[in-house]
Amino acid sequence: MSDAVRLQLEDFSQDEEVRALRASSQRMGGIAIFLGCARDFSEGRDVCEIGFDAYRPMALAELERLRAEAIERFSLLDARIVHRLGTVRAGDNIVFIAAGAEHRAPALEACRWMIDELKERVPIWKKEITPTGESWVTPHP
Amino acid sequence: MSDAVRLQLEDFSQDEEVRALRASSQRMGGIAIFLGCARDFSEGRDVCEIGFDAYRPMALAELERLRAEAIERFSLLDARIVHRLGTVRAGDNIVFIAAGAEHRAPALEACRWMIDELKERVPIWKKEITPTGESWVTPHP
Amino acid sequence: MIKVLFFGPVADRVGLRQIEVPFRDGLCWQDVRDVLQPQYPEAFALVSVTAVNGERVRDDGHTPLADGAEIVFMSRVSGG
Amino acid sequence: MIKVLFFGPVADRVGLRQIEVPFRDGLCWQDVRDVLQPQYPEAFALVSVTAVNGERVRDDGHTPLADGAEIVFMSRVSGG
């Protein structure tokens, strides 16, 4: 089975990720998932592609830590995080985060916490590639 | 393409549901999903199967209304709700809720709102079938 | 004729999924409940919501029903 | 030798993804920054976090580095 935390160029299947998540426990009653995808429109400009740069070893370690912290903090049964690198096109998947718990509230809270934390602390940078040029995304504070 | 709101006996594919959700707009940057599934363990008893009873026409109308309200209230680009009926086994999917928005916050909030509201107002009843008998689930207030 | 439907735990306690009640002018859902509740007290102990023609009722139970109306006396829902 | 890496917008402004700085006893990450910042002021204007050997630094920049250490001067991340 694939690792629970991955950085990868290729796309992923949600059905497969959820199957893997669920395999960890039959007590899982609620699974919350966040799926980030590439929009074709950002701040008024058309975006054709999004490119990623990452400090890979640290990004992977931070994601592993994020997952472990979420499991501990929200008493999850399991969690998974997949982030794509390379270049993706408008409409493509970028990030998949799933939290599984016995009940829905901790799953939903953990999912939100993980995507918020990921956007704060995982060393990955996103570049929007438009018909007229490219520019790094400036995160909103 | 399948309807955005459905009550059905058969299982569903998340990949297909997300593909259908996303087809409605290329501006979708965040998709939040809640997946409810049958646990094999509830309140200290082993659960083999879960059976559903529903006031179908009203349940479907309430789900349609829930989706429309969520789209309006959270400015979603699209939303989908699938709830299974009949009998499901431990580990099976029960309900799928997805909210797609330009950004993550409204998607996550809408997803949570929809599952909370569904559990309050959609006329579906759940029965746990254990090796020693069956009993209707009493919702926690 | 007024159709009364039962689902889930209420249906189990009534032992039926459907009952028909004769229509008369001015009949209200509270009248129907007043007739059925003494016959099925255990079932009605669970009832927390009433729906008429697929809509949760918000009136006090004294709006006259039309002939052919469908009433559902429901316990707290537990889907999801 | 100390390895300094750049990513994303910082790498674009430096024009390089990696620089090597000679090691000397007692060298700290703040010393490395003090050497590089005047050479790449536009890149360092974006820097908000420093990592040493893959860990975000929490010291004041005056803990001595080991030879072979890897430093990354990072702008605010924008993944997800």
# chains A, B, ... in the order shown; residues from 1 in each chain; ligands from 1
call {"tool": "calpha_fit_and_write", "arguments": {"fixed": "chain C", "moving": "chain D", "output": "tab-separated table (two decimals) with N, CA, C and O atoms, in the first residue's frame"}}
result
chain	number	residue	atom	x	y	z
D	1	MET	N	-60.14	10.53	2.17
D	1	MET	CA	-59.29	9.67	3.00
D	1	MET	C	-57.97	10.38	3.29
D	1	MET	O	-57.39	11.03	2.42
D	2	ILE	N	-57.50	10.27	4.52
D	2	ILE	CA	-56.19	10.82	4.91
D	2	ILE	C	-55.25	9.63	5.07
D	2	ILE	O	-55.59	8.64	5.73
D	3	LYS	N	-54.05	9.74	4.47
D	3	LYS	CA	-53.07	8.66	4.57
D	3	LYS	C	-52.07	9.03	5.67
D	3	LYS	O	-51.50	10.13	5.64
D	4	VAL	N	-51.88	8.12	6.63
D	4	VAL	CA	-50.89	8.36	7.69
D	4	VAL	C	-49.78	7.33	7.52
D	4	VAL	O	-50.05	6.13	7.47
D	5	LEU	N	-48.52	7.83	7.40
D	5	LEU	CA	-47.38	6.93	7.21
D	5	LEU	C	-46.50	6.90	8.45
D	5	LEU	O	-46.38	7.90	9.16
D	6	PHE	N	-45.88	5.74	8.66
D	6	PHE	CA	-44.93	5.60	9.77
D	6	PHE	C	-43.62	5.05	9.23
D	6	PHE	O	-43.62	4.18	8.34
D	7	PHE	N	-42.53	5.52	9.80
D	7	PHE	CA	-41.19	5.06	9.39
D	7	PHE	C	-40.34	4.74	10.61
D	7	PHE	O	-40.60	5.24	11.71
D	8	GLY	N	-39.31	3.96	10.37
D	8	GLY	CA	-38.27	3.71	11.39
D	8	GLY	C	-38.86	3.19	12.69
D	8	GLY	O	-39.73	2.32	12.70
D	9	PRO	N	-38.36	3.73	13.81
D	9	PRO	CA	-38.79	3.22	15.11
D	9	PRO	C	-40.28	3.41	15.37
D	9	PRO	O	-40.90	2.59	16.06
D	10	VAL	N	-40.88	4.44	14.80
D	10	VAL	CA	-42.32	4.66	15.00
D	10	VAL	C	-43.09	3.54	14.30
D	10	VAL	O	-44.03	2.95	14.88
D	11	ALA	N	-42.69	3.20	13.08
D	11	ALA	CA	-43.35	2.12	12.34
D	11	ALA	C	-43.24	0.80	13.11
D	11	ALA	O	-44.20	0.04	13.20
D	12	ASP	N	-42.06	0.56	13.68
D	12	ASP	CA	-41.87	-0.68	14.44
D	12	ASP	C	-42.84	-0.75	15.62
D	12	ASP	O	-43.41	-1.80	15.91
D	13	ARG	N	-43.01	0.37	16.30
D	13	ARG	CA	-43.89	0.35	17.49
D	13	ARG	C	-45.37	0.32	17.12
D	13	ARG	O	-46.18	-0.26	17.85
D	14	VAL	N	-45.72	0.96	15.99
D	14	VAL	CA	-47.12	0.90	15.54
D	14	VAL	C	-47.40	-0.51	14.99
D	14	VAL	O	-48.49	-1.04	15.14
D	15	GLY	N	-46.37	-1.09	14.38
D	15	GLY	CA	-46.56	-2.42	13.77
D	15	GLY	C	-47.12	-2.31	12.37
D	15	GLY	O	-47.49	-3.31	11.75
D	16	LEU	N	-47.23	-1.10	11.86
D	16	LEU	CA	-47.78	-0.84	10.53
D	16	LEU	C	-46.98	0.29	9.90
D	16	LEU	O	-46.41	1.11	10.62
D	17	ARG	N	-46.98	0.35	8.58
D	17	ARG	CA	-46.31	1.47	7.90
D	17	ARG	C	-47.31	2.48	7.37
D	17	ARG	O	-46.93	3.59	6.98
D	18	GLN	N	-48.59	2.09	7.33
D	18	GLN	CA	-49.58	3.00	6.77
D	18	GLN	C	-50.95	2.74	7.38
D	18	GLN	O	-51.34	1.60	7.60
D	19	ILE	N	-51.66	3.82	7.64
D	19	ILE	CA	-53.03	3.74	8.17
D	19	ILE	C	-53.85	4.74	7.36
D	19	ILE	O	-53.35	5.80	6.99
D	20	GLU	N	-55.10	4.42	7.11
D	20	GLU	CA	-55.96	5.41	6.46
D	20	GLU	C	-57.04	5.86	7.42
D	20	GLU	O	-57.61	5.06	8.15
D	21	VAL	N	-57.27	7.14	7.43
D	21	VAL	CA	-58.23	7.76	8.35
D	21	VAL	C	-59.27	8.45	7.48
D	21	VAL	O	-58.91	9.12	6.52
D	22	PRO	N	-60.56	8.27	7.79
D	22	PRO	CA	-61.57	8.91	6.94
D	22	PRO	C	-61.47	10.44	6.99
D	22	PRO	O	-61.18	11.01	8.04
D	23	PHE	N	-61.69	11.04	5.85
D	23	PHE	CA	-61.66	12.50	5.76
D	23	PHE	C	-63.01	13.08	6.17
D	23	PHE	O	-64.05	12.48	5.93
D	24	ARG	N	-63.00	14.21	6.83
D	24	ARG	CA	-64.21	15.00	7.04
D	24	ARG	C	-63.81	16.47	6.97
D	24	ARG	O	-62.66	16.83	7.26
D	25	ASP	N	-64.72	17.31	6.58
D	25	ASP	CA	-64.43	18.74	6.44
D	25	ASP	C	-63.92	19.32	7.75
D	25	ASP	O	-64.51	19.05	8.81
D	26	GLY	N	-62.83	20.07	7.65
D	26	GLY	CA	-62.30	20.74	8.83
D	26	GLY	C	-61.34	19.90	9.64
D	26	GLY	O	-60.76	20.37	10.62
D	27	LEU	N	-61.10	18.64	9.21
D	27	LEU	CA	-60.18	17.76	9.93
D	27	LEU	C	-58.77	18.36	9.90
D	27	LEU	O	-58.30	18.82	8.86
D	28	CYS	N	-58.09	18.36	11.06
D	28	CYS	CA	-56.73	18.91	11.17
D	28	CYS	C	-55.78	17.79	11.59
D	28	CYS	O	-56.23	16.76	12.11
D	29	TRP	N	-54.45	18.02	11.40
D	29	TRP	CA	-53.53	16.92	11.76
D	29	TRP	C	-53.55	16.63	13.25
D	29	TRP	O	-53.34	15.50	13.67
D	30	GLN	N	-53.86	17.63	14.06
D	30	GLN	CA	-53.91	17.39	15.50
D	30	GLN	C	-55.08	16.46	15.85
D	30	GLN	O	-54.97	15.63	16.75
D	31	ASP	N	-56.18	16.58	15.08
D	31	ASP	CA	-57.32	15.67	15.30
D	31	ASP	C	-56.90	14.23	15.02
D	31	ASP	O	-57.28	13.30	15.73
D	32	VAL	N	-56.13	14.06	13.94
D	32	VAL	CA	-55.68	12.71	13.56
D	32	VAL	C	-54.77	12.16	14.66
D	32	VAL	O	-54.89	11.02	15.09
D	33	ARG	N	-53.89	13.01	15.13
D	33	ARG	CA	-52.99	12.59	16.21
D	33	ARG	C	-53.80	12.21	17.46
D	33	ARG	O	-53.50	11.21	18.12
D	34	ASP	N	-54.81	13.01	17.77
D	34	ASP	CA	-55.61	12.75	18.97
D	34	ASP	C	-56.33	11.40	18.89
D	34	ASP	O	-56.59	10.77	19.91
D	35	VAL	N	-56.64	10.98	17.66
D	35	VAL	CA	-57.29	9.67	17.47
D	35	VAL	C	-56.27	8.54	17.62
D	35	VAL	O	-56.53	7.53	18.27
D	36	LEU	N	-55.07	8.74	17.01
D	36	LEU	CA	-54.11	7.64	16.94
D	36	LEU	C	-53.27	7.48	18.21
D	36	LEU	O	-52.91	6.35	18.58
D	37	GLN	N	-52.94	8.59	18.84
D	37	GLN	CA	-52.02	8.52	19.98
D	37	GLN	C	-52.48	7.56	21.09
D	37	GLN	O	-51.66	6.77	21.57
D	38	PRO	N	-53.78	7.58	21.47
D	38	PRO	CA	-54.20	6.63	22.53
D	38	PRO	C	-54.10	5.16	22.09
D	38	PRO	O	-53.92	4.29	22.93
D	39	GLN	N	-54.19	4.94	20.76
D	39	GLN	CA	-54.08	3.56	20.28
D	39	GLN	C	-52.64	3.08	20.24
D	39	GLN	O	-52.38	1.88	20.33
D	40	TYR	N	-51.69	4.00	20.03
D	40	TYR	CA	-50.27	3.65	19.88
D	40	TYR	C	-49.42	4.55	20.79
D	40	TYR	O	-48.56	5.28	20.31
D	41	PRO	N	-49.68	4.49	22.09
D	41	PRO	CA	-48.97	5.45	22.97
D	41	PRO	C	-47.46	5.29	22.92
D	41	PRO	O	-46.74	6.29	22.98
D	42	GLU	N	-46.95	4.06	22.80
D	42	GLU	CA	-45.49	3.88	22.79
D	42	GLU	C	-44.85	4.46	21.53
D	42	GLU	O	-43.76	4.99	21.57
D	43	ALA	N	-45.55	4.32	20.42
D	43	ALA	CA	-45.05	4.89	19.17
D	43	ALA	C	-45.06	6.41	19.26
D	43	ALA	O	-44.06	7.08	18.93
D	44	PHE	N	-46.15	6.97	19.74
D	44	PHE	CA	-46.25	8.44	19.78
D	44	PHE	C	-45.33	9.07	20.82
D	44	PHE	O	-45.01	10.26	20.73
D	45	ALA	N	-44.86	8.26	21.77
D	45	ALA	CA	-43.89	8.78	22.74
D	45	ALA	C	-42.60	9.20	22.02
D	45	ALA	O	-41.84	10.02	22.52
D	46	LEU	N	-42.36	8.62	20.83
D	46	LEU	CA	-41.15	8.94	20.07
D	46	LEU	C	-41.34	10.11	19.11
D	46	LEU	O	-40.37	10.64	18.57
D	47	VAL	N	-42.59	10.48	18.86
D	47	VAL	CA	-42.86	11.45	17.80
D	47	VAL	C	-42.43	12.86	18.19
D	47	VAL	O	-42.81	13.36	19.25
D	48	SER	N	-41.60	13.45	17.34
D	48	SER	CA	-41.15	14.82	17.64
D	48	SER	C	-41.45	15.80	16.50
D	48	SER	O	-41.39	17.00	16.69
D	49	VAL	N	-41.73	15.27	15.34
D	49	VAL	CA	-41.99	16.14	14.18
D	49	VAL	C	-43.17	15.56	13.40
D	49	VAL	O	-43.30	14.34	13.28
D	50	THR	N	-44.00	16.42	12.87
D	50	THR	CA	-45.10	15.99	12.02
D	50	THR	C	-44.93	16.64	10.65
D	50	THR	O	-44.54	17.80	10.56
D	51	ALA	N	-45.14	15.84	9.60
D	51	ALA	CA	-45.09	16.39	8.25
D	51	ALA	C	-46.43	16.19	7.59
D	51	ALA	O	-47.06	15.14	7.75
D	52	VAL	N	-46.91	17.19	6.86
D	52	VAL	CA	-48.12	17.08	6.06
D	52	VAL	C	-47.74	17.32	4.61
D	52	VAL	O	-47.11	18.35	4.30
D	53	ASN	N	-48.07	16.36	3.78
D	53	ASN	CA	-47.73	16.43	2.35
D	53	ASN	C	-46.24	16.72	2.13
D	53	ASN	O	-45.87	17.53	1.28
D	54	GLY	N	-45.41	16.06	2.93
D	54	GLY	CA	-43.96	16.17	2.74
D	54	GLY	C	-43.32	17.42	3.27
D	54	GLY	O	-42.13	17.65	3.04
D	55	GLU	N	-44.08	18.23	4.00
D	55	GLU	CA	-43.51	19.45	4.58
D	55	GLU	C	-43.69	19.39	6.09
D	55	GLU	O	-44.80	19.11	6.57
D	56	ARG	N	-42.63	19.69	6.79
D	56	ARG	CA	-42.69	19.80	8.24
D	56	ARG	C	-43.77	20.82	8.61
D	56	ARG	O	-43.80	21.91	8.04
D	57	VAL	N	-44.67	20.49	9.52
D	57	VAL	CA	-45.72	21.45	9.86
D	57	VAL	C	-45.17	22.50	10.81
D	57	VAL	O	-44.33	22.21	11.66
D	58	ARG	N	-45.61	23.71	10.61
D	58	ARG	CA	-45.19	24.79	11.50
D	58	ARG	C	-46.42	25.45	12.15
D	58	ARG	O	-46.28	26.37	12.93
D	59	ASP	N	-47.60	24.93	11.79
D	59	ASP	CA	-48.81	25.49	12.40
D	59	ASP	C	-49.07	24.77	13.72
D	59	ASP	O	-48.36	23.85	14.10
D	60	ASP	N	-50.10	25.19	14.42
D	60	ASP	CA	-50.41	24.61	15.73
D	60	ASP	C	-51.25	23.34	15.61
D	60	ASP	O	-51.73	22.82	16.61
D	61	GLY	N	-51.42	22.85	14.38
D	61	GLY	CA	-52.16	21.61	14.21
D	61	GLY	C	-53.63	21.82	13.94
D	61	GLY	O	-54.38	20.85	13.91
D	62	HIS	N	-54.04	23.05	13.76
D	62	HIS	CA	-55.47	23.32	13.56
D	62	HIS	C	-55.80	23.90	12.20
D	62	HIS	O	-56.88	24.44	12.00
D	63	THR	N	-54.87	23.77	11.23
D	63	THR	CA	-55.17	24.16	9.85
D	63	THR	C	-55.91	22.98	9.20
D	63	THR	O	-55.42	21.86	9.27
D	64	PRO	N	-57.05	23.22	8.58
D	64	PRO	CA	-57.79	22.09	7.97
D	64	PRO	C	-56.98	21.40	6.88
D	64	PRO	O	-56.27	22.06	6.11
D	65	LEU	N	-57.09	20.08	6.85
D	65	LEU	CA	-56.43	19.28	5.83
D	65	LEU	C	-57.31	19.18	4.59
D	65	LEU	O	-58.54	19.27	4.70
D	66	ALA	N	-56.67	18.97	3.44
D	66	ALA	CA	-57.44	18.65	2.22
D	66	ALA	C	-57.64	17.13	2.18
D	66	ALA	O	-56.84	16.37	2.75
D	67	ASP	N	-58.70	16.71	1.51
D	67	ASP	CA	-58.91	15.26	1.34
D	67	ASP	C	-57.71	14.71	0.57
D	67	ASP	O	-57.20	15.36	-0.35
D	68	GLY	N	-57.23	13.54	0.97
D	68	GLY	CA	-56.08	12.94	0.29
D	68	GLY	C	-54.75	13.34	0.88
D	68	GLY	O	-53.70	12.91	0.39
D	69	ALA	N	-54.76	14.14	1.93
D	69	ALA	CA	-53.50	14.60	2.53
D	69	ALA	C	-52.71	13.40	3.09
D	69	ALA	O	-53.29	12.37	3.45
D	70	GLU	N	-51.39	13.58	3.14
D	70	GLU	CA	-50.49	12.54	3.66
D	70	GLU	C	-49.82	13.09	4.92
D	70	GLU	O	-49.16	14.12	4.86
D	71	ILE	N	-50.01	12.40	6.02
D	71	ILE	CA	-49.41	12.85	7.29
D	71	ILE	C	-48.36	11.85	7.72
D	71	ILE	O	-48.56	10.63	7.60
D	72	VAL	N	-47.23	12.35	8.22
D	72	VAL	CA	-46.21	11.46	8.79
D	72	VAL	C	-45.87	11.95	10.19
D	72	VAL	O	-45.49	13.12	10.36
D	73	PHE	N	-46.00	11.07	11.15
D	73	PHE	CA	-45.58	11.36	12.52
D	73	PHE	C	-44.20	10.74	12.69
D	73	PHE	O	-44.05	9.52	12.62
D	74	MET	N	-43.18	11.59	12.89
D	74	MET	CA	-41.80	11.12	12.82
D	74	MET	C	-41.07	11.24	14.16
D	74	MET	O	-41.23	12.23	14.88
D	75	SER	N	-40.24	10.26	14.43
D	75	SER	CA	-39.30	10.37	15.55
D	75	SER	C	-38.09	11.15	15.07
D	75	SER	O	-37.96	11.44	13.88
D	76	ARG	N	-37.18	11.47	15.98
D	76	ARG	CA	-35.97	12.21	15.58
D	76	ARG	C	-35.22	11.42	14.54
D	76	ARG	O	-35.03	10.20	14.67
D	77	VAL	N	-34.77	12.10	13.52
D	77	VAL	CA	-34.11	11.42	12.40
D	77	VAL	C	-32.70	11.01	12.82
D	77	VAL	O	-32.11	11.57	13.74
D	78	SER	N	-32.16	10.02	12.13
D	78	SER	CA	-30.82	9.52	12.48
D	78	SER	C	-30.05	9.10	11.24
D	78	SER	O	-29.26	8.14	11.28
D	79	GLY	N	-30.26	9.79	10.15
D	79	GLY	CA	-29.52	9.48	8.93
D	79	GLY	C	-28.09	10.00	8.99
D	79	GLY	O	-27.67	10.59	9.98
D	80	GLY	N	-27.39	9.80	7.90
D	80	GLY	CA	-26.03	10.30	7.79
D	80	GLY	C	-25.01	9.31	8.31
D	80	GLY	O	-25.36	8.32	8.91
call {"tool": "select_by_dssp", "arguments": {"residues": "chain C", "states": "alpha helix (DSSP H)", "output": "ChimeraX atom specification"}}
result
/C:8-14,29-36,41-44
call {"tool": "write_last_selection", "arguments": {"atoms": "C-alpha atoms", "output": "PDB file, in the first residue's frame"}}
result
ATOM      1  CA  GLY C   8     -38.276   3.709  11.383  1.00  0.00           C
ATOM      2  CA  PRO C   9     -38.801   3.221  15.110  1.00  0.00           C
ATOM      3  CA  VAL C  10     -42.327   4.656  15.010  1.00  0.00           C
ATOM      4  CA  ALA C  11     -43.372   2.121  12.345  1.00  0.00           C
ATOM      5  CA  ASP C  12     -41.881  -0.679  14.453  1.00  0.00           C
ATOM      6  CA  ARG C  13     -43.902   0.359  17.486  1.00  0.00           C
ATOM      7  CA  VAL C  14     -47.129   0.897  15.538  1.00  0.00           C
ATOM      8  CA  TRP C  29     -53.528  16.926  11.765  1.00  0.00           C
ATOM      9  CA  GLN C  30     -53.907  17.400  15.511  1.00  0.00           C
ATOM     10  CA  ASP C  31     -57.321  15.668  15.285  1.00  0.00           C
ATOM     11  CA  VAL C  32     -55.664  12.710  13.558  1.00  0.00           C
ATOM     12  CA  ARG C  33     -52.984  12.602  16.218  1.00  0.00           C
ATOM     13  CA  ASP C  34     -55.635  12.763  18.978  1.00  0.00           C
ATOM     14  CA  VAL C  35     -57.284   9.674  17.483  1.00  0.00           C
ATOM     15  CA  LEU C  36     -54.096   7.642  16.934  1.00  0.00           C
ATOM     16  CA  PRO C  41     -48.974   5.449  22.962  1.00  0.00           C
ATOM     17  CA  GLU C  42     -45.487   3.877  22.777  1.00  0.00           C
ATOM     18  CA  ALA C  43     -45.052   4.892  19.166  1.00  0.00           C
ATOM     19  CA  PHE C  44     -46.257   8.440  19.769  1.00  0.00           C
TER      20      PHE C  44
END
call {"tool": "interface_residues", "arguments": {"of": "chain A", "to": "chain C", "cutoff": "12 Å", "atoms": "only C-alpha atoms", "output": "list in words"}}
result
Gly29, Gly30, His103 and Arg104 of chain A
call {"tool": "write_last_selection", "arguments": {"atoms": "N, CA and C atoms", "output": "PDB file, in the first residue's frame"}}
result
ATOM      1  N   GLY A  29     -16.159   6.134  11.526  1.00  0.00           N
ATOM      2  CA  GLY A  29     -17.527   6.513  11.176  1.00  0.00           C
ATOM      3  C   GLY A  29     -17.580   7.784  10.353  1.00  0.00           C
ATOM      4  N   GLY A  30     -16.528   8.605  10.433  1.00  0.00           N
ATOM      5  CA  GLY A  30     -16.518   9.866   9.698  1.00  0.00           C
ATOM      6  C   GLY A  30     -15.166  10.125   9.070  1.00  0.00           C
ATOM      7  N   HIS A 103     -16.146   9.620  14.919  1.00  0.00           N
ATOM      8  CA  HIS A 103     -17.290  10.502  14.702  1.00  0.00           C
ATOM      9  C   HIS A 103     -16.892  11.684  13.814  1.00  0.00           C
ATOM     10  N   ARG A 104     -17.900  12.401  13.337  1.00  0.00           N
ATOM     11  CA  ARG A 104     -17.609  13.405  12.325  1.00  0.00           C
ATOM     12  C   ARG A 104     -16.885  14.653  12.822  1.00  0.00           C
TER      13      ARG A 104
END
call {"tool": "closest_atom_pairs", "arguments": {"of": "chain B", "to": "chain A", "cutoff": "10 Å", "atoms": "only C-alpha atoms", "output": "CSV"}}
result
residue,atom,partner,partner_atom,distance
B:Phe12,CA,A:Asp15,CA,9.8
B:Ser13,CA,A:Asp15,CA,6.7
B:Gln14,CA,A:Asp15,CA,5.7
B:Asp15,CA,A:Gln14,CA,5.8
B:Glu16,CA,A:Asp15,CA,9.2
B:Val18,CA,A:Gln14,CA,8.8
B:Arg19,CA,A:Gly91,CA,9.8
B:Arg22,CA,A:Gly91,CA,7.6
B:Ala23,CA,A:Gly91,CA,8.8
B:Ser25,CA,A:Gly91,CA,8.7
B:Gln26,CA,A:Arg39,CA,5.7
B:Arg27,CA,A:Arg39,CA,4.7
B:Met28,CA,A:Arg39,CA,5.6
B:Gly29,CA,A:Cys37,CA,4.9
B:Gly30,CA,A:Gly36,CA,4.7
B:Ile31,CA,A:Leu35,CA,5.0
B:Ala32,CA,A:Phe34,CA,4.6
B:Ile33,CA,A:Ile33,CA,4.9
B:Phe34,CA,A:Ala32,CA,4.6
B:Leu35,CA,A:Ile31,CA,5.0
B:Gly36,CA,A:Gly30,CA,4.7
B:Cys37,CA,A:Gly29,CA,4.9
B:Ala38,CA,A:Gly29,CA,5.8
B:Arg39,CA,A:Arg27,CA,4.7
B:Asp40,CA,A:Arg27,CA,5.7
B:Phe41,CA,A:Arg27,CA,6.0
B:Ser42,CA,A:Arg27,CA,8.2
B:Ala90,CA,A:Gln26,CA,7.0
B:Gly91,CA,A:Gln26,CA,5.8
B:Asp92,CA,A:Gln26,CA,9.5
B:Asn93,CA,A:Gly29,CA,9.3
B:Ile94,CA,A:Gly29,CA,9.3
B:Val95,CA,A:Gly30,CA,9.6
B:Phe96,CA,A:Ile31,CA,9.7
B:Ile97,CA,A:Ala32,CA,9.6
B:Ala98,CA,A:Ile33,CA,9.1
B:Ala99,CA,A:Phe34,CA,9.8
B:Gly100,CA,A:Leu35,CA,9.2
B:Glu102,CA,A:Arg39,CA,7.7
B:His103,CA,A:Gly36,CA,8.7
B:Arg104,CA,A:Gly36,CA,7.7
B:Ala105,CA,A:Arg112,CA,8.5
B:Ala107,CA,A:Phe34,CA,8.7
B:Leu108,CA,A:Arg112,CA,7.0
B:Glu109,CA,A:Arg112,CA,9.3
B:Cys111,CA,A:Leu108,CA,8.8
B:Arg112,CA,A:Leu108,CA,7.0
B:Ile115,CA,A:Arg104,CA,8.7
B:Asp116,CA,A:Arg104,CA,9.2
call {"tool": "atom_distance", "arguments": {"atom1": "CA of Thr130 in chain B", "atom2": "CA of Arg84 in chain B"}}
result
19.4 Å
call {"tool": "select_by_dssp", "arguments": {"residues": "chain A", "states": "strand (DSSP E)", "output": "number ranges by chain"}}
result
A: 5-8, 30-37, 41-42, 45-46, 49-54, 78-84, 87-89, 93-101, 124-130, 133-136
call {"tool": "atom_distance", "arguments": {"atom1": "CA of Ala59 in chain A", "atom2": "CA of Ala101 in chain A"}}
result
25.0 Å
call {"tool": "residues_around", "arguments": {"residues": "Glu134 in chain B", "least_positions_apart": "4", "cutoff": "12 Å", "atoms": "only C-alpha atoms", "output": "compact mmCIF listing (two decimals) with N, CA, C and O atoms, in the first residue's frame"}}
result
# COMPACT_ATOMS: atom_id res chain seq x y z
N ARG B 45 -21.23 -2.22 21.27
CA ARG B 45 -21.72 -3.46 20.68
C ARG B 45 -21.15 -3.63 19.28
O ARG B 45 -20.91 -2.65 18.58
N ASP B 46 -20.95 -4.85 18.86
CA ASP B 46 -20.51 -5.10 17.49
C ASP B 46 -21.68 -4.90 16.55
O ASP B 46 -22.78 -5.36 16.82
N VAL B 47 -21.44 -4.20 15.47
CA VAL B 47 -22.49 -3.96 14.50
C VAL B 47 -22.10 -4.64 13.19
O VAL B 47 -21.00 -4.44 12.69
N CYS B 48 -22.98 -5.49 12.68
CA CYS B 48 -22.69 -6.20 11.44
C CYS B 48 -23.19 -5.43 10.24
O CYS B 48 -22.55 -5.38 9.20
N GLU B 49 -24.37 -4.88 10.40
CA GLU B 49 -25.01 -4.20 9.28
C GLU B 49 -25.78 -3.00 9.80
O GLU B 49 -26.14 -2.94 10.98
N ILE B 50 -26.04 -2.08 8.90
CA ILE B 50 -26.90 -0.94 9.22
C ILE B 50 -28.00 -0.90 8.19
O ILE B 50 -27.74 -0.99 6.98
N GLY B 51 -29.23 -0.81 8.67
CA GLY B 51 -30.38 -0.71 7.77
C GLY B 51 -30.97 0.68 7.84
O GLY B 51 -30.90 1.33 8.88
N PHE B 52 -31.51 1.13 6.71
CA PHE B 52 -32.08 2.48 6.67
C PHE B 52 -33.55 2.42 6.32
O PHE B 52 -33.99 1.58 5.52
N LYS B 126 -31.85 5.10 10.99
CA LYS B 126 -30.78 4.12 10.91
C LYS B 126 -30.98 3.07 11.98
O LYS B 126 -31.23 3.39 13.14
N LYS B 127 -30.85 1.80 11.59
CA LYS B 127 -31.01 0.68 12.52
C LYS B 127 -29.71 -0.11 12.55
O LYS B 127 -29.18 -0.46 11.50
N GLU B 128 -29.20 -0.38 13.73
CA GLU B 128 -27.99 -1.19 13.85
C GLU B 128 -28.37 -2.65 14.02
O GLU B 128 -29.18 -2.97 14.89
N ILE B 129 -27.77 -3.49 13.20
CA ILE B 129 -28.08 -4.91 13.23
C ILE B 129 -26.86 -5.63 13.78
O ILE B 129 -25.78 -5.58 13.19
N THR B 130 -27.01 -6.22 14.97
CA THR B 130 -25.89 -6.86 15.66
C THR B 130 -26.16 -8.36 15.72
O THR B 130 -27.27 -8.81 15.39
N GLY C 8 -39.30 3.96 10.36
CA GLY C 8 -38.28 3.71 11.38
C GLY C 8 -38.85 3.19 12.69
O GLY C 8 -39.73 2.32 12.71
N PRO C 9 -38.37 3.73 13.81
CA PRO C 9 -38.80 3.22 15.11
C PRO C 9 -40.30 3.41 15.37
O PRO C 9 -40.91 2.59 16.05
N ASP C 12 -42.07 0.56 13.68
CA ASP C 12 -41.88 -0.68 14.45
C ASP C 12 -42.85 -0.75 15.63
O ASP C 12 -43.41 -1.80 15.92
call {"tool": "atom_distance", "arguments": {"atom1": "CA of Ser24 in chain B", "atom2": "CA of Trp125 in chain A"}}
result
27.6 Å
